[in-house]
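Pasting structure.txt here (compact mmCIF, C-alpha atoms):
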# COMPACT_ATOMS: atom_id res chain seq x y z
CA PHE A 1 139.17 173.82 148.66
CA ARG A 2 140.14 176.76 146.48
CA GLU A 3 140.17 177.28 142.78
CA ARG A 4 143.55 178.46 141.50
CA GLY A 5 144.59 178.73 137.91
CA GLY A 6 141.62 176.70 136.71
CA ALA A 7 142.37 173.82 139.11
CA VAL A 8 140.80 173.00 142.46
CA LYS A 9 143.41 172.79 145.22
CA LEU A 10 143.10 171.45 148.75
CA ASN A 11 143.49 174.41 151.13
CA ARG A 12 142.93 172.86 154.56
CA LEU A 13 142.22 169.41 155.88
CA HIS A 14 140.82 168.53 159.28
CA LEU A 15 140.88 165.01 160.63
CA SER A 16 139.17 163.98 163.83
CA GLN A 17 137.96 160.87 165.55
CA PRO A 18 134.17 160.86 165.93
CA SER A 19 132.76 160.26 169.36
CA ALA A 20 131.46 156.74 169.97
CA ASP A 21 127.93 158.06 170.51
CA GLN A 22 128.04 160.32 167.42
CA GLY A 23 125.65 159.21 164.69
CA GLU A 24 126.68 159.11 161.04
CA ALA A 25 124.72 162.28 160.19
CA ASP A 26 125.62 164.10 163.43
CA PHE A 27 128.08 167.01 163.35
CA PHE A 28 128.65 166.92 167.10
CA PRO A 29 128.56 164.20 169.74
CA ARG A 30 125.28 163.85 171.62
CA ILE A 31 126.98 163.44 174.99
CA LEU A 32 130.17 165.03 176.23
CA ASP A 33 132.33 162.80 178.38
CA ARG A 34 134.12 164.04 181.51
CA THR A 35 137.36 164.75 179.61
CA ASP A 36 135.51 166.87 177.05
CA GLU A 37 133.72 168.81 179.80
CA GLU A 38 136.97 169.45 181.68
CA MET A 39 138.70 170.59 178.49
CA LEU A 40 135.83 172.96 177.63
CA LYS A 41 135.74 174.36 181.18
CA LYS A 42 139.49 174.95 181.10
CA LEU A 43 139.21 176.70 177.71
CA ILE A 44 136.33 178.89 178.95
CA ASP A 45 138.27 179.79 182.11
CA GLU A 46 141.37 180.71 180.07
CA LYS A 47 139.40 182.87 177.63
CA SER A 48 137.50 184.53 180.48
CA ALA A 49 140.79 185.42 182.20
CA GLU A 50 142.15 186.86 178.93
CA LEU A 51 139.00 188.97 178.48
CA GLU A 52 139.24 190.26 182.06
CA VAL A 53 142.82 191.41 181.45
CA ARG A 54 141.85 193.07 178.16
CA ASN A 55 138.87 194.80 179.74
CA ARG A 56 141.00 196.05 182.65
CA ASP A 57 143.64 197.35 180.21
CA LEU A 58 141.01 199.04 178.06
CA GLN A 59 139.38 200.64 181.10
CA ALA A 60 142.76 201.94 182.32
CA LEU A 61 143.46 203.37 178.85
CA MET A 62 140.02 204.98 178.63
CA ASN A 63 140.43 206.66 182.00
CA ASN A 64 143.95 207.93 181.31
CA ILE A 65 143.50 209.46 177.87
CA PRO A 66 144.25 213.18 178.15
CA GLY A 67 140.68 214.15 177.39
CA GLY A 68 137.13 213.08 177.86
CA VAL A 69 135.87 210.06 175.95
CA GLN A 70 132.24 209.60 175.06
CA LYS A 71 130.23 207.13 173.03
CA CYS A 72 126.91 208.45 171.76
CA LEU A 73 124.27 207.63 169.19
CA ASN A 74 124.17 209.40 165.86
CA ASP A 75 120.71 210.75 166.54
CA GLU A 76 119.23 214.22 166.93
CA TYR A 77 120.31 214.37 170.59
CA PHE A 78 123.71 212.61 170.44
CA SER A 79 122.24 210.33 173.10
CA ILE A 80 125.01 209.41 175.51
CA LEU A 81 125.77 205.71 175.77
CA SER A 82 128.90 205.96 177.92
CA VAL A 83 131.57 208.40 179.11
CA ASN A 84 134.88 207.95 180.90
CA ASP A 85 135.91 209.43 184.24
CA ARG A 86 137.91 212.21 182.54
CA PHE A 87 134.85 213.35 180.65
CA LEU A 88 132.94 213.71 183.92
CA SER A 89 135.77 215.41 185.81
CA MET A 90 136.54 217.81 182.94
CA PHE A 91 133.08 219.32 183.31
CA GLY A 92 132.64 218.70 187.05
CA TYR A 93 129.86 216.12 186.74
CA THR A 94 129.12 212.96 188.69
CA GLU A 95 128.30 209.68 186.99
CA ALA A 96 124.55 210.30 187.46
CA ASP A 97 124.55 213.93 186.24
CA PRO A 98 124.36 213.47 182.44
CA GLU A 99 121.14 211.50 182.80
CA ARG A 100 119.70 213.53 185.68
CA LEU A 101 120.51 216.98 184.26
CA PHE A 102 120.48 216.39 180.50
CA GLN A 103 118.43 213.19 179.97
CA ASN A 104 121.62 211.67 178.49
CA ARG A 105 121.36 214.09 175.57
CA PHE A 106 124.78 215.49 174.80
CA ILE A 107 123.24 218.14 172.54
CA ASN A 108 121.80 219.69 175.74
CA MET A 109 125.32 220.04 177.16
CA ILE A 110 126.49 222.04 174.14
CA HIS A 111 126.10 225.83 174.41
CA PRO A 112 122.79 226.79 172.74
CA ASP A 113 124.57 229.29 170.46
CA ASP A 114 126.94 226.56 169.21
CA ARG A 115 124.47 223.74 168.49
CA ALA A 116 123.48 224.67 164.94
CA SER A 117 127.08 225.27 163.96
CA VAL A 118 128.22 221.93 165.41
CA LEU A 119 125.47 220.06 163.59
CA LYS A 120 126.30 221.82 160.31
CA GLN A 121 130.07 221.17 160.65
CA MET A 122 129.50 217.51 161.43
CA ALA A 123 127.10 217.01 158.53
CA GLU A 124 129.57 218.63 156.10
CA GLN A 125 132.53 216.62 157.36
CA MET A 126 130.59 213.34 157.42
CA LYS A 127 129.99 213.70 153.67
CA ASN A 128 133.72 213.09 153.19
CA GLY A 129 134.15 210.14 155.54
CA ASN A 130 133.37 208.79 158.99
CA SER A 131 135.27 211.28 161.11
CA PHE A 132 134.79 214.86 162.22
CA GLU A 133 136.50 217.57 164.21
CA ALA A 134 134.62 220.44 165.81
CA GLU A 135 135.31 223.13 168.38
CA TYR A 136 132.50 224.33 170.61
CA ARG A 137 131.48 225.10 174.21
CA VAL A 138 130.20 222.56 176.74
CA ARG A 139 128.31 223.45 179.91
CA CYS A 140 130.01 222.63 183.20
CA ARG A 141 128.23 221.70 186.40
CA ASP A 142 128.94 225.13 187.90
CA GLY A 143 127.17 226.86 184.98
CA SER A 144 130.34 227.99 183.21
CA TYR A 145 131.39 226.72 179.78
CA LYS A 146 134.57 225.08 178.56
CA ASN A 147 135.81 225.21 174.99
CA VAL A 148 136.49 221.72 173.65
CA LEU A 149 138.02 220.24 170.55
CA ASP A 150 135.95 217.18 169.67
CA ASN A 151 137.42 214.48 167.44
CA GLY A 152 134.87 211.81 166.60
CA GLU A 153 134.56 208.72 164.49
CA LEU A 154 131.31 207.14 163.31
CA TYR A 155 130.93 203.37 163.62
CA ILE A 156 128.03 201.36 162.33
CA GLY A 157 127.30 198.23 164.35
CA GLU A 158 126.24 194.90 162.91
CA ASP A 159 122.68 195.83 163.88
CA GLY A 160 122.96 199.02 161.81
CA GLN A 161 123.05 201.32 164.84
CA GLU A 162 125.26 204.38 164.21
CA GLU A 163 127.47 205.42 167.12
CA PHE A 164 130.08 208.13 167.55
CA TYR A 165 133.24 207.51 169.54
CA CYS A 166 134.58 210.92 170.56
CA VAL A 167 137.57 212.36 172.37
CA LEU A 168 137.02 215.85 173.78
CA VAL A 169 140.04 217.95 174.72
CA ASP A 170 139.72 221.08 176.86
CA VAL A 171 141.07 224.01 174.81
CA THR A 172 139.70 226.77 177.03
CA GLY A 173 143.17 228.01 177.98
CA ARG A 174 144.27 228.14 174.35
CA LYS A 175 141.14 230.06 173.37
CA LYS A 176 141.77 232.67 176.10
Can you present the structure in this file as structure tokens?
Amino acid sequence: FRERGGAVKLNRLHLSQPSADQGEADFFPRILDRTDEEMLKKLIDEKSAELEVRNRDLQALMNNIPGGVQKCLNDEYFSILSVNDRFLSMFGYTEADPERLFQNRFINMIHPDDRASVLKQMAEQMKNGNSFEAEYRVRCRDGSYKNVLDNGELYIGEDGQEEFYCVLVDVTGRKK
């Protein structure tokens, strides 16, 4: 029901036949018959197949974005939660390297001379919204550094956890 113009109007109506074993105060039947089970299994299988396709499409998109993608916590270390293949290949790392070499702390991958500036830029930009853009140097596996343009967006999960979703583009050539 909805109230409109001082009157209560019927918005939606659902009619269903209660199950024979469903008590008067029960919202759901106590026992599912074979037809109900088969219908639920079919629905679960269909939704699972849809999710598999969506996940495959999302993974293909993530790995083909022209830049590195990272998800990290909004904490003092920018603790890495996940990265895509392009992120790893851009800097020459293997999947295990961020944890092994940097304890999954992205701040440790940023050039020491750039860290304070990055933190300051982000803090300033975050005052005006949930996104930021910063340019800084990231350490590569071979010890060299690449200049990146980092575009990030802050998301707050239902549990209150703050996470950044970032796309890093190699701008080393442009800087030179």
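Using all atoms listed in the file, the protein and nucleic acid residues lying no more than 9 Å from Leu149 of chain A, apart from those fewer than 3 places from it along its own chain, are Glu133, Ala134, Glu135, Tyr136, Arg137, Val167, Leu168, Val169, Asp170 and Val171 of chain A.
Between atom CA of Leu154 of chain A and atom CA of Leu101 of chain A lies a distance of 25.5 Å.
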- A:Tyr93, A:Tyr155, A:Tyr165, A:Tyr145: which is nearest Asn130 of chain A, counting all atoms listed in the file?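 Closest residue, counting all atoms listed in the file: A:Tyr155.
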- Query: Which residues, written as an NGL selection string, have at least one atom at most 9 Å from Ser89 of chain A, with all atoms listed in the file counted and residues fewer than 5 positions away on the same chain left out?
  - Reply: :A and (68 or 84 or 94)
- Distance atom CA of Ala116 of chain A-atom CA of Asp75 of chain A, one decimal place?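 Taking atom CA of Ala116 of chain A as the start and atom CA of Asp75 of chain A as the end point, the length is 14.3 Å.
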- Item | Surrounding residues of Tyr77 of chain A excluding itself and chain neighbours under 3 positions, 9 Å, only C-alpha atoms, as a list in words |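 That gives Cys72, Leu73, Asn74, Ile80, Asn104, Arg105, Phe106, Ile107 and Asn108 of chain A.
The coordinates place atom CA of Ile110 of chain A at 9.7 Å from atom CA of Cys140 of chain A.
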- Task: Quick one: residues within 8 Å of (140.4, 210.2, 177.4) (file frame), counting all atoms listed in the file, please, as number ranges by chain.
- Result: A: 61-69, 84, 86-87, 167-168
- Message: Env of Phe91 of chain A: 9 Å cut, atoms = only C-alpha atoms, seq-sep filter 6 positions within chain, self excluded. Answer as a PyMOL selection string.
- Response: chain A and resi 138-142+145-146
